[in-house]
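J.: What follows is protein.csv; its format and atoms are CSV, C-alpha atoms.
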chain,number,residue,atom,x,y,z
A,95,MET,CA,0.0,0.0,0.0
A,96,THR,CA,1.5,3.4,-1.0
A,97,MET,CA,1.8,6.3,1.4
A,98,MET,CA,-1.0,8.1,-0.5
A,99,GLU,CA,-3.3,5.1,0.0
A,100,LYS,CA,-2.5,4.9,3.7
A,101,ILE,CA,-3.3,8.6,4.3
A,102,ARG,CA,-6.5,8.3,2.3
A,103,GLU,CA,-7.5,5.2,4.3
A,104,TYR,CA,-6.8,6.9,7.6
A,105,LEU,CA,-8.6,10.1,6.9
A,106,GLN,CA,-11.6,8.9,4.9
A,107,LEU,CA,-14.1,6.2,5.7
A,108,SER,CA,-15.5,3.8,3.1
A,109,ASP,CA,-18.3,5.0,0.9
A,110,ASP,CA,-20.8,2.7,2.6
A,111,VAL,CA,-21.0,5.0,5.6
A,112,VAL,CA,-24.0,7.4,5.4
A,113,ASP,CA,-23.6,10.7,7.2
A,114,ASP,CA,-27.0,11.7,8.4
A,115,GLY,CA,-25.7,14.1,10.9
A,116,GLU,CA,-26.6,11.8,13.8
A,117,ALA,CA,-24.0,10.8,16.4
A,118,PRO,CA,-23.0,7.2,15.9
A,119,ARG,CA,-23.5,4.7,18.7
A,120,VAL,CA,-20.2,3.5,20.3
A,121,GLU,CA,-20.9,-0.2,19.8
A,122,GLU,CA,-21.2,0.4,16.1
A,123,PHE,CA,-17.5,1.0,15.8
A,124,LEU,CA,-15.9,-1.5,18.1
A,125,GLY,CA,-13.4,-3.6,16.1
A,126,LYS,CA,-13.4,-1.5,13.0
A,127,GLY,CA,-9.9,-0.1,13.5
A,128,LYS,CA,-10.9,3.5,14.2
A,129,SER,CA,-11.9,4.9,17.5
A,130,PHE,CA,-15.3,6.3,18.2
A,131,TYR,CA,-13.7,9.8,18.4
A,132,GLU,CA,-11.9,9.5,15.0
A,133,ASP,CA,-15.1,8.3,13.4
A,134,PHE,CA,-17.3,11.0,15.0
A,135,SER,CA,-14.9,13.8,14.0
A,136,LEU,CA,-13.7,12.6,10.6
A,137,ARG,CA,-16.8,10.9,9.2
A,138,GLY,CA,-17.6,12.5,5.8
A,139,ILE,CA,-14.1,13.8,5.0
A,140,ARG,CA,-13.0,13.0,1.4
A,141,VAL,CA,-9.3,13.0,0.4
A,142,ASN,CA,-8.9,14.7,-2.9
A,143,ARG,CA,-5.1,14.8,-3.4
A,144,VAL,CA,-2.0,13.5,-1.6
A,145,GLU,CA,1.5,14.5,-2.6
A,146,PRO,CA,4.8,14.6,-0.6
A,147,GLY,CA,4.3,17.5,1.8
A,148,PHE,CA,0.7,18.2,0.8
A,149,ILE,CA,-2.8,16.9,1.4
A,150,SER,CA,-6.1,18.3,0.1
A,151,CYS,CA,-9.5,17.2,1.5
A,152,TYR,CA,-13.1,18.1,1.2
A,153,PHE,CA,-15.6,18.1,4.0
A,154,LYS,CA,-19.3,19.0,4.2
A,155,VAL,CA,-20.2,20.5,7.6
A,156,PRO,CA,-22.4,18.0,9.4
A,157,LEU,CA,-24.9,18.9,12.0
A,158,ARG,CA,-23.1,16.8,14.7
A,159,LEU,CA,-20.1,19.2,14.6
A,160,THR,CA,-21.9,22.5,14.9
A,161,ASP,CA,-22.5,24.9,17.8
A,162,ARG,CA,-25.9,26.2,19.0
A,163,ASP,CA,-25.8,28.8,16.2
A,164,GLY,CA,-25.4,26.2,13.5
A,165,ASN,CA,-21.7,27.1,12.8
A,166,LEU,CA,-18.9,24.6,12.6
A,167,ALA,CA,-17.7,24.5,16.2
A,168,ASN,CA,-14.2,25.8,17.0
A,169,GLY,CA,-13.3,22.5,18.6
A,170,ALA,CA,-14.2,20.6,15.4
A,171,ILE,CA,-12.0,23.0,13.5
A,172,ALA,CA,-9.1,22.4,15.9
A,173,ASN,CA,-9.6,18.7,15.5
A,174,LEU,CA,-9.5,18.9,11.7
A,175,VAL,CA,-6.2,20.9,12.0
A,176,ASP,CA,-4.8,18.2,14.3
A,177,GLU,CA,-5.9,15.2,12.3
A,178,VAL,CA,-5.1,16.5,8.8
A,179,GLY,CA,-1.8,18.1,9.9
A,180,GLY,CA,-0.8,14.9,11.7
A,181,ALA,CA,-1.7,12.6,8.8
A,182,LEU,CA,0.6,14.6,6.6
A,183,VAL,CA,3.7,13.9,8.7
A,184,HIS,CA,3.0,10.4,10.0
A,185,VAL,CA,5.8,7.9,9.2
A,186,GLU,CA,4.6,4.3,8.7
A,187,GLY,CA,6.0,2.0,11.4
A,188,LEU,CA,6.6,4.7,13.9
A,189,PRO,CA,4.3,5.9,16.7
A,190,ILE,CA,2.1,8.9,15.9
A,191,LEU,CA,3.8,12.2,16.6
A,192,VAL,CA,2.9,14.1,19.7
A,193,SER,CA,1.4,17.6,19.2
A,194,VAL,CA,3.6,20.2,21.0
A,195,ASP,CA,2.0,23.4,19.7
A,196,MET,CA,-1.0,24.4,17.8
A,197,SER,CA,-2.2,27.9,17.0
A,198,ILE,CA,-5.4,28.5,15.1
A,199,ALA,CA,-6.7,31.8,13.7
A,200,PHE,CA,-10.5,31.5,13.4
A,201,LEU,CA,-11.3,34.0,10.6
A,202,SER,CA,-14.9,33.2,9.5
A,203,LYS,CA,-17.8,30.8,10.1
A,204,ALA,CA,-19.0,27.8,8.2
A,205,LYS,CA,-22.6,26.7,8.4
A,206,VAL,CA,-24.2,23.3,8.3
A,207,GLY,CA,-24.1,21.9,4.7
A,208,GLU,CA,-21.3,24.1,3.4
A,209,GLU,CA,-18.5,22.3,1.7
A,210,LEU,CA,-15.0,23.0,2.9
A,211,GLU,CA,-11.6,22.5,1.4
A,212,ILE,CA,-8.9,21.5,3.9
A,213,THR,CA,-5.3,21.7,2.8
A,214,SER,CA,-2.2,20.8,4.8
A,215,ARG,CA,1.3,21.7,3.8
A,216,LEU,CA,4.6,20.8,5.4
A,217,LEU,CA,6.3,23.9,6.7
A,218,GLY,CA,9.5,22.1,7.6
A,219,GLU,CA,11.2,19.5,9.7
A,220,ARG,CA,14.3,19.3,11.9
A,221,GLY,CA,15.1,16.0,13.5
A,222,GLY,CA,12.0,14.6,15.1
A,223,TYR,CA,10.2,18.1,15.0
A,224,LYS,CA,7.8,18.8,12.1
A,225,GLY,CA,5.6,21.7,11.4
A,226,THR,CA,2.5,21.9,9.1
A,227,ILE,CA,0.0,24.6,8.2
A,228,VAL,CA,-3.6,23.7,7.7
A,229,VAL,CA,-6.0,26.0,5.9
A,230,VAL,CA,-9.8,25.5,6.1
A,231,ARG,CA,-11.7,27.4,3.4
A,232,ASN,CA,-15.2,27.6,2.0
A,233,LYS,CA,-15.0,25.6,-1.2
A,234,MET,CA,-17.6,27.7,-3.0
A,235,THR,CA,-16.5,31.2,-2.0
A,236,GLY,CA,-12.8,30.7,-1.3
A,237,GLU,CA,-13.2,32.5,2.1
A,238,ILE,CA,-10.8,31.3,4.7
A,239,ILE,CA,-12.6,29.9,7.7
A,240,ALA,CA,-9.5,29.1,9.8
A,241,GLU,CA,-5.7,28.7,9.5
A,242,GLY,CA,-3.8,26.6,11.9
A,243,ARG,CA,-0.1,25.9,12.5
A,244,HIS,CA,0.6,22.6,14.0
A,245,SER,CA,4.0,21.5,15.4
A,246,MET,CA,4.6,17.8,16.3
A,247,PHE,CA,7.5,15.8,17.7
A,248,GLY,CA,8.4,12.1,17.7
A,249,ARG,CA,11.0,9.5,17.0
A,250,GLN,CA,12.8,9.7,13.7
A,251,ALA,CA,13.0,6.9,11.2
A,252,SER,CA,16.2,4.9,11.4
A,253,LYS,CA,18.7,5.6,8.7
A,254,LEU,CA,19.9,2.0,8.8
Represent the supplied structure as structure tokens.

T.:
Amino acid sequence: MTMMEKIREYLQLSDDVVDDGEAPRVEEFLGKGKSFYEDFSLRGIRVNRVEPGFISCYFKVPLRLTDRDGNLANGAIANLVDEVGGALVHVEGLPILVSVDMSIAFLSKAKVGEELEITSRLLGERGGYKGTIVVVRNKMTGEIIAEGRHSMFGRQASKL
């Protein structure tokens, strides 16, 4: 399985999952390889493109991730920055990197049903430290909803 296929598999669920906006029941996901949390927060994301140092995804704002005003919750945006930024720098065979810093500028709102484009780019790496920038924008208008910088640290791959 190529790195692109692995990232796509991690971020996006199979097409047989229907997103009706309802919270899934915990017992529905036992033994499927993803945690309830990952499924709840990432269900509906679609990976468009994966290249070295770049990921592009699309995500339609579901009811389950909105605040009382019907906007995509800031916590959901933070989770998208964490998950998409982390998927970009994960190295197969090594533990997932630990987030050491994340800063997010919340610039606009996204309503239920709006389609978002989420891109992650590698800013750089030094040893086990890696940095990404994740931009969440309204796919139709191009308006930036949020921009997050995500720094992670972990073990390096062996050079042997």

J.: Quick one, how far is CA of Asn165 (chain A) from CA of Glu241 (chain A)?

T.: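 About the pair CA of Asn165 (chain A) and CA of Glu241 (chain A): they are 16.4 Å apart.
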
J.: Kindly give the distance, in Å, that separates CA of Lys154 (chain A) and CA of Lys205 (chain A), rounded to a single decimal.

T.: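 So the answer is 9.4 Å.
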
J.: When you draw a straight line from CA of Ala172 (chain A) to CA of Ser245 (chain A), how long is it in Å?

T.: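 That distance, rounded to one decimal, is 13.1 Å.
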
J.: With a distance cut-off of 12 Å and all atoms listed in the file, select the neighbouring residues of Lys203 (chain A), excluding the residue or stretch itself and same-chain residues fewer than 3 positions from it, and output the selection as a list in words.

T.: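 Selected residues are Val155, Thr160, Asp161, Asp163, Gly164, Asn165, Leu166, Ala167, Asn168, Ile171, Ala199, Phe200, Val206, Glu208, Glu209, Leu210, Val230, Arg231, Asn232, Glu237, Ile238, Ile239 and Ala240 of chain A.
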
J.: Of the residues A:Ser197, A:Ser150, A:Thr235, A:Asn173, which is the one nearest to Arg215 (chain A), using all atoms listed in the file?

T.: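 Closest to Arg215 (chain A), using all atoms listed in the file: A:Ser150.
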
J.: Which residues are near Leu217 (chain A)? Cut-off 9 Å, only C-alpha atoms, ignore same chain within fewer than 3 positions. Put them as a ChimeraX atom specification.

T.: /A:147,224-227,243

J.: Within 6 Å of Met246 (chain A), counting all atoms listed in the file, which residues show up once you throw out same-chain ones fewer than 5 positions away? Write them as a PyMOL selection string, please.

T.: chain A and resi 191-194+223-224

J.: Counting only C-alpha atoms, which residue out of A:Gly236, A:Arg137, A:Asp176, A:Pro156 sits closest to Ser202 (chain A)?

T.: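 Looking at the shortest contact to Ser202 (chain A), the residue is A:Gly236.
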
J.: Which residue, A:Ile198, A:Val228, A:Leu174, A:Ala181, has the smallest gap to Ser214 (chain A) when you use all atoms listed in the file?

T.: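 Going through A:Ile198, A:Val228, A:Leu174, A:Ala181 one by one, the smallest distance to Ser214 (chain A) is for A:Val228.
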
J.: Identify which of the residues A:Met234, A:Leu159, A:Ala204, A:Met196 lies closest to Glu177 (chain A), counting all atoms listed in the file when measuring atom-to-atom distances.

T.: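 Closest to Glu177 (chain A) of all the choices is A:Met196.
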
J.: Considering all atoms listed in the file, can you say which of A:Ile190, A:Asp195, A:Ile212, A:Leu201 comes closest to Val141 (chain A)?

T.: A:Ile212
